[in-house]
Amino acid sequence: MPSISLRQPTAVWATAGASVVAFMGIGLVDPILPSIAGGLNATAGQVSLLFTSYFLITAVAMLVTGFVSSRIGGRRTLLLGLAFVVVFAGLAGTSGSVGELVGYRAGWGLGNALFVSTALAVIVGAAAGGSAAAILLYESALGLGMACGPLLGALLGDASWRYPFFGTALLMAVGFLCIAAFLKEQPKPARRTSLTDPIRALGHGGLASAAVSAFFYNYTFFTVLAFTPFVLDMSPYRSGAVFFAWGVLLAVFSVVVAPRLQERFGSLRVLGGSLVLLAVDVLVLGYGDHATAVVCTVLSGAFIGVNNTVYTELALGVSDAPRPVASAGYNFVRWFAAAAAPYFAPRIEEWTGSIRIPFVVAAVTAVAGALVAVVRRKALTHDAEELETKHATEDSVAVFAN
């Protein structure tokens, strides 16, 4: 079973640290969504567009990140992405309307796509202990960022909903300086990535199956993340505490529990079981009382953590495409669901007049993700030894954006 080696190059720790802050930006707005709605006289549906614009741009940008980084290098791509986040996160804090805020979040999403996708490739290429250990290090950064984002949002947002955006801009500026100081320019790939390479990579049945399954799963994931704060209707501090606990479970289960479950039961069985349990959890969340909703929100972090790790490994290992290209195609598909869920969940509530129906839809999409994994299980299996050898060779030369 892979484990994280603490003896990593300084560049890896600098990249992982900046990744923590980047992932904090995803959950940062969770505890302050009601405050933003009140401060800008916006509805829940309008405020949910903060997630939609962010992830819609992120999805499209996945086709661009490899194209850019294979030409200017991984280090410059990371710095470019960080610069975008610093500028647009800062501008978000100055917004005078929900329309401005949604627009600035879109620019933030572009920067985050350039940074996060490239960071994974840099960590996998430079970390000690092999690619599996590097993925766990990346998942650790994801989990820690997802846990700390709502906490930071609550602490700063209690004074003003604008402060979390300014705080993120400041932290990412520190990350920019760390990357500039500690990360040397990485070797460029022998072949430049074209804009269509990620789409072509999806021609592989296994990668396409992983992407479609992850699409359904991500709809469930981001229904919980973007819609639940309005259901809980708590103060920023209380909501931040709930999502901090959620993020802690996400981190622990993605890094510690998921590898052990995979070793014992196999990735596809773990994924299918976790998706079904997530479906049950969100159903109970939607139909339970307030205390039950809080417990189920926190508990969902465990299933999401397991799913994140398994999906990442499947996307990077199921096909013979270079890791950056395969990951770009996979992320291009799945992030569209992250954009769709925050948009449709509040509107489904409006159309049906029931706050429970969005969670019913989320439960159905989780089950759909599991069914895709089961039906396409043969396409999702591969010759591990052959691909491990191939990817080990790629790790020495491919450190550009996925």
# chains A, B, ... in the order shown; residues from 1 in each chain; ligands from 1
call {"tool": "closest_atom_pairs", "arguments": {"of": "stretch 167-220 of chain A", "to": "stretch 24-32 of chain A", "cutoff": "10 Å", "atoms": "only C-alpha atoms", "output": "CSV"}}
result
residue,atom,partner,partner_atom,distance
A:Thr168,CA,A:Gly25,CA,7.0
A:Ala169,CA,A:Gly25,CA,9.6
A:Met172,CA,A:Gly25,CA,9.8
call {"tool": "residues_around", "arguments": {"residues": "A:Val364", "least_positions_apart": "6", "cutoff": "10 Å", "atoms": "only C-alpha atoms", "output": "ChimeraX atom specification"}}
result
/A:216-217,219-220,276,279-280,282-283,358,370
call {"tool": "write_last_selection", "arguments": {"atoms": "all heavy atoms", "output": "PDB file, in the first residue's frame"}}
result
ATOM      1  N   PHE A 216     -21.490  11.997 -13.214  1.00  0.00           N
ATOM      2  CA  PHE A 216     -22.666  11.786 -12.370  1.00  0.00           C
ATOM      3  C   PHE A 216     -22.319  11.985 -10.890  1.00  0.00           C
ATOM      4  O   PHE A 216     -23.082  12.605 -10.136  1.00  0.00           O
ATOM      5  CB  PHE A 216     -23.237  10.388 -12.589  1.00  0.00           C
ATOM      6  CG  PHE A 216     -23.922  10.221 -13.916  1.00  0.00           C
ATOM      7  CD1 PHE A 216     -23.458   9.308 -14.849  1.00  0.00           C
ATOM      8  CD2 PHE A 216     -25.033  10.976 -14.235  1.00  0.00           C
ATOM      9  CE1 PHE A 216     -24.088   9.154 -16.075  1.00  0.00           C
ATOM     10  CE2 PHE A 216     -25.676  10.831 -15.461  1.00  0.00           C
ATOM     11  CZ  PHE A 216     -25.204   9.913 -16.379  1.00  0.00           C
ATOM     12  N   TYR A 217     -21.176  11.461 -10.481  1.00  0.00           N
ATOM     13  CA  TYR A 217     -20.753  11.607  -9.087  1.00  0.00           C
ATOM     14  C   TYR A 217     -20.556  13.073  -8.712  1.00  0.00           C
ATOM     15  O   TYR A 217     -20.964  13.523  -7.636  1.00  0.00           O
ATOM     16  CB  TYR A 217     -19.456  10.824  -8.854  1.00  0.00           C
ATOM     17  CG  TYR A 217     -18.625  11.348  -7.717  1.00  0.00           C
ATOM     18  CD1 TYR A 217     -19.088  11.294  -6.401  1.00  0.00           C
ATOM     19  CD2 TYR A 217     -17.372  11.921  -7.944  1.00  0.00           C
ATOM     20  CE1 TYR A 217     -18.324  11.799  -5.362  1.00  0.00           C
ATOM     21  CE2 TYR A 217     -16.604  12.414  -6.919  1.00  0.00           C
ATOM     22  CZ  TYR A 217     -17.088  12.358  -5.622  1.00  0.00           C
ATOM     23  OH  TYR A 217     -16.341  12.865  -4.594  1.00  0.00           O
ATOM     24  N   TYR A 219     -21.997  15.647  -9.865  1.00  0.00           N
ATOM     25  CA  TYR A 219     -23.277  16.339  -9.671  1.00  0.00           C
ATOM     26  C   TYR A 219     -23.735  16.171  -8.220  1.00  0.00           C
ATOM     27  O   TYR A 219     -24.186  17.132  -7.583  1.00  0.00           O
ATOM     28  CB  TYR A 219     -24.339  15.793 -10.627  1.00  0.00           C
ATOM     29  CG  TYR A 219     -25.634  16.578 -10.555  1.00  0.00           C
ATOM     30  CD1 TYR A 219     -25.882  17.614 -11.448  1.00  0.00           C
ATOM     31  CD2 TYR A 219     -26.586  16.307  -9.571  1.00  0.00           C
ATOM     32  CE1 TYR A 219     -27.046  18.366 -11.359  1.00  0.00           C
ATOM     33  CE2 TYR A 219     -27.747  17.050  -9.466  1.00  0.00           C
ATOM     34  CZ  TYR A 219     -27.971  18.082 -10.356  1.00  0.00           C
ATOM     35  OH  TYR A 219     -29.123  18.837 -10.252  1.00  0.00           O
ATOM     36  N   THR A 220     -23.606  14.962  -7.699  1.00  0.00           N
ATOM     37  CA  THR A 220     -23.984  14.716  -6.306  1.00  0.00           C
ATOM     38  C   THR A 220     -23.085  15.494  -5.357  1.00  0.00           C
ATOM     39  O   THR A 220     -23.562  16.144  -4.405  1.00  0.00           O
ATOM     40  CB  THR A 220     -23.876  13.209  -6.000  1.00  0.00           C
ATOM     41  OG1 THR A 220     -24.598  12.466  -6.965  1.00  0.00           O
ATOM     42  CG2 THR A 220     -24.419  12.904  -4.608  1.00  0.00           C
ATOM     43  N   VAL A 276     -23.024   4.203  -3.748  1.00  0.00           N
ATOM     44  CA  VAL A 276     -24.351   3.813  -3.258  1.00  0.00           C
ATOM     45  C   VAL A 276     -24.576   4.374  -1.853  1.00  0.00           C
ATOM     46  O   VAL A 276     -25.664   4.896  -1.537  1.00  0.00           O
ATOM     47  CB  VAL A 276     -24.511   2.281  -3.277  1.00  0.00           C
ATOM     48  CG1 VAL A 276     -25.787   1.861  -2.551  1.00  0.00           C
ATOM     49  CG2 VAL A 276     -24.530   1.767  -4.706  1.00  0.00           C
ATOM     50  N   ALA A 279     -25.357   7.966  -2.057  1.00  0.00           N
ATOM     51  CA  ALA A 279     -26.745   8.173  -2.481  1.00  0.00           C
ATOM     52  C   ALA A 279     -27.707   8.062  -1.294  1.00  0.00           C
ATOM     53  O   ALA A 279     -28.611   8.889  -1.131  1.00  0.00           O
ATOM     54  CB  ALA A 279     -27.113   7.153  -3.563  1.00  0.00           C
ATOM     55  N   VAL A 280     -27.503   7.052  -0.468  1.00  0.00           N
ATOM     56  CA  VAL A 280     -28.339   6.890   0.722  1.00  0.00           C
ATOM     57  C   VAL A 280     -28.174   8.086   1.659  1.00  0.00           C
ATOM     58  O   VAL A 280     -29.153   8.620   2.211  1.00  0.00           O
ATOM     59  CB  VAL A 280     -27.992   5.576   1.454  1.00  0.00           C
ATOM     60  CG1 VAL A 280     -28.743   5.485   2.785  1.00  0.00           C
ATOM     61  CG2 VAL A 280     -28.305   4.372   0.579  1.00  0.00           C
ATOM     62  N   VAL A 282     -27.314  11.242   0.996  1.00  0.00           N
ATOM     63  CA  VAL A 282     -27.940  12.496   0.555  1.00  0.00           C
ATOM     64  C   VAL A 282     -29.468  12.392   0.595  1.00  0.00           C
ATOM     65  O   VAL A 282     -30.156  13.408   0.805  1.00  0.00           O
ATOM     66  CB  VAL A 282     -27.457  12.924  -0.848  1.00  0.00           C
ATOM     67  CG1 VAL A 282     -25.978  13.251  -0.828  1.00  0.00           C
ATOM     68  CG2 VAL A 282     -27.781  11.884  -1.906  1.00  0.00           C
ATOM     69  N   LEU A 283     -30.005  11.197   0.413  1.00  0.00           N
ATOM     70  CA  LEU A 283     -31.447  11.026   0.563  1.00  0.00           C
ATOM     71  C   LEU A 283     -31.887  11.314   1.991  1.00  0.00           C
ATOM     72  O   LEU A 283     -32.873  12.028   2.238  1.00  0.00           O
ATOM     73  CB  LEU A 283     -31.852   9.602   0.174  1.00  0.00           C
ATOM     74  CG  LEU A 283     -32.310   9.339  -1.258  1.00  0.00           C
ATOM     75  CD1 LEU A 283     -32.728   7.884  -1.409  1.00  0.00           C
ATOM     76  CD2 LEU A 283     -33.455  10.266  -1.644  1.00  0.00           C
ATOM     77  N   PRO A 358     -34.151  18.178  -4.903  1.00  0.00           N
ATOM     78  CA  PRO A 358     -32.757  18.271  -5.366  1.00  0.00           C
ATOM     79  C   PRO A 358     -31.874  17.161  -4.812  1.00  0.00           C
ATOM     80  O   PRO A 358     -30.950  16.695  -5.495  1.00  0.00           O
ATOM     81  CB  PRO A 358     -32.309  19.645  -4.855  1.00  0.00           C
ATOM     82  CG  PRO A 358     -33.567  20.440  -4.787  1.00  0.00           C
ATOM     83  CD  PRO A 358     -34.617  19.456  -4.349  1.00  0.00           C
ATOM     84  N   ALA A 370     -22.439   4.803 -10.076  1.00  0.00           N
ATOM     85  CA  ALA A 370     -22.104   3.431  -9.696  1.00  0.00           C
ATOM     86  C   ALA A 370     -22.461   2.444 -10.808  1.00  0.00           C
ATOM     87  O   ALA A 370     -21.706   1.511 -11.091  1.00  0.00           O
ATOM     88  CB  ALA A 370     -22.825   3.063  -8.403  1.00  0.00           C
TER      89      ALA A 370
END
call {"tool": "select_by_dssp", "arguments": {"residues": "stretch 73-299 of chain A", "states": "alpha helix (DSSP H)", "output": "number ranges by chain"}}
result
A: 74-92, 98-126, 131-157, 163-182, 197-201, 205-232, 236-252, 258-265, 267-287, 290-299
call {"tool": "closest_atom_pairs", "arguments": {"of": "stretch 255-314 of chain A", "to": "stretch 131-154 of chain A", "cutoff": "8 Å", "atoms": "only C-alpha atoms", "output": "Markdown table"}}
result
| residue | atom | partner | partner_atom | distance |
| --- | --- | --- | --- | --- |
| A:Val255 | CA | A:Leu136 | CA | 5.7 |
| A:Gly305 | CA | A:Gly143 | CA | 7.6 |
| A:Asn308 | CA | A:Glu139 | CA | 7.9 |
| A:Thr309 | CA | A:Glu139 | CA | 6.8 |
| A:Thr312 | CA | A:Ile135 | CA | 7.8 |
| A:Glu313 | CA | A:Ile135 | CA | 7.6 |
call {"tool": "write_last_selection", "arguments": {"atoms": "all heavy atoms", "output": "mmCIF file, in the first residue's frame"}}
result
data_model
loop_
_atom_site.group_PDB
_atom_site.id
_atom_site.type_symbol
_atom_site.label_atom_id
_atom_site.label_comp_id
_atom_site.auth_asym_id
_atom_site.auth_seq_id
_atom_site.Cartn_x
_atom_site.Cartn_y
_atom_site.Cartn_z
ATOM 1 N N VAL A 255 -6.983 9.896 1.969
ATOM 2 C CA VAL A 255 -5.558 9.590 2.105
ATOM 3 C C VAL A 255 -5.301 8.305 2.893
ATOM 4 O O VAL A 255 -4.419 7.524 2.552
ATOM 5 C CB VAL A 255 -4.822 10.774 2.772
ATOM 6 C CG1 VAL A 255 -3.356 10.449 2.991
ATOM 7 C CG2 VAL A 255 -4.960 12.032 1.923
ATOM 8 N N GLY A 305 -14.414 11.608 -0.045
ATOM 9 C CA GLY A 305 -12.971 11.400 0.034
ATOM 10 C C GLY A 305 -12.540 10.110 -0.636
ATOM 11 O O GLY A 305 -11.559 10.084 -1.391
ATOM 12 N N ASN A 308 -12.989 10.462 -4.493
ATOM 13 C CA ASN A 308 -11.991 11.322 -5.124
ATOM 14 C C ASN A 308 -10.700 10.568 -5.411
ATOM 15 O O ASN A 308 -10.114 10.674 -6.495
ATOM 16 C CB ASN A 308 -11.694 12.533 -4.238
ATOM 17 C CG ASN A 308 -12.787 13.577 -4.283
ATOM 18 O OD1 ASN A 308 -13.696 13.499 -5.098
ATOM 19 N ND2 ASN A 308 -12.705 14.547 -3.403
ATOM 20 N N THR A 309 -10.233 9.804 -4.438
ATOM 21 C CA THR A 309 -8.986 9.066 -4.611
ATOM 22 C C THR A 309 -9.108 8.003 -5.691
ATOM 23 O O THR A 309 -8.241 7.870 -6.563
ATOM 24 C CB THR A 309 -8.569 8.413 -3.279
ATOM 25 O OG1 THR A 309 -8.255 9.443 -2.341
ATOM 26 C CG2 THR A 309 -7.337 7.528 -3.462
ATOM 27 N N THR A 312 -9.355 9.592 -9.220
ATOM 28 C CA THR A 312 -8.075 10.148 -9.671
ATOM 29 C C THR A 312 -7.162 9.051 -10.191
ATOM 30 O O THR A 312 -6.546 9.176 -11.256
ATOM 31 C CB THR A 312 -7.374 10.911 -8.540
ATOM 32 O OG1 THR A 312 -8.204 11.991 -8.108
ATOM 33 C CG2 THR A 312 -6.042 11.484 -9.008
ATOM 34 N N GLU A 313 -7.072 7.947 -9.460
ATOM 35 C CA GLU A 313 -6.216 6.848 -9.883
ATOM 36 C C GLU A 313 -6.731 6.196 -11.168
ATOM 37 O O GLU A 313 -5.942 5.827 -12.045
ATOM 38 C CB GLU A 313 -6.108 5.819 -8.753
ATOM 39 C CG GLU A 313 -5.349 6.347 -7.534
ATOM 40 C CD GLU A 313 -5.148 5.284 -6.472
ATOM 41 O OE1 GLU A 313 -5.529 4.118 -6.713
ATOM 42 O OE2 GLU A 313 -4.619 5.623 -5.402
#
call {"tool": "closest_atom_pairs", "arguments": {"of": "stretch 207-281 of chain A", "to": "stretch 159-162 of chain A", "cutoff": "12 Å", "atoms": "only C-alpha atoms", "output": "JSON lines"}}
result
{"residue": "A:Ser235", "atom": "CA", "partner": "A:Ala159", "partner_atom": "CA", "distance": 11.7}
{"residue": "A:Pro236", "atom": "CA", "partner": "A:Trp161", "partner_atom": "CA", "distance": 9.4}
{"residue": "A:Tyr237", "atom": "CA", "partner": "A:Ala159", "partner_atom": "CA", "distance": 10.7}
call {"tool": "atom_distance", "arguments": {"atom1": "atom CA of A:Ala16", "atom2": "atom CA of A:Pro342"}}
result
27.5 Å
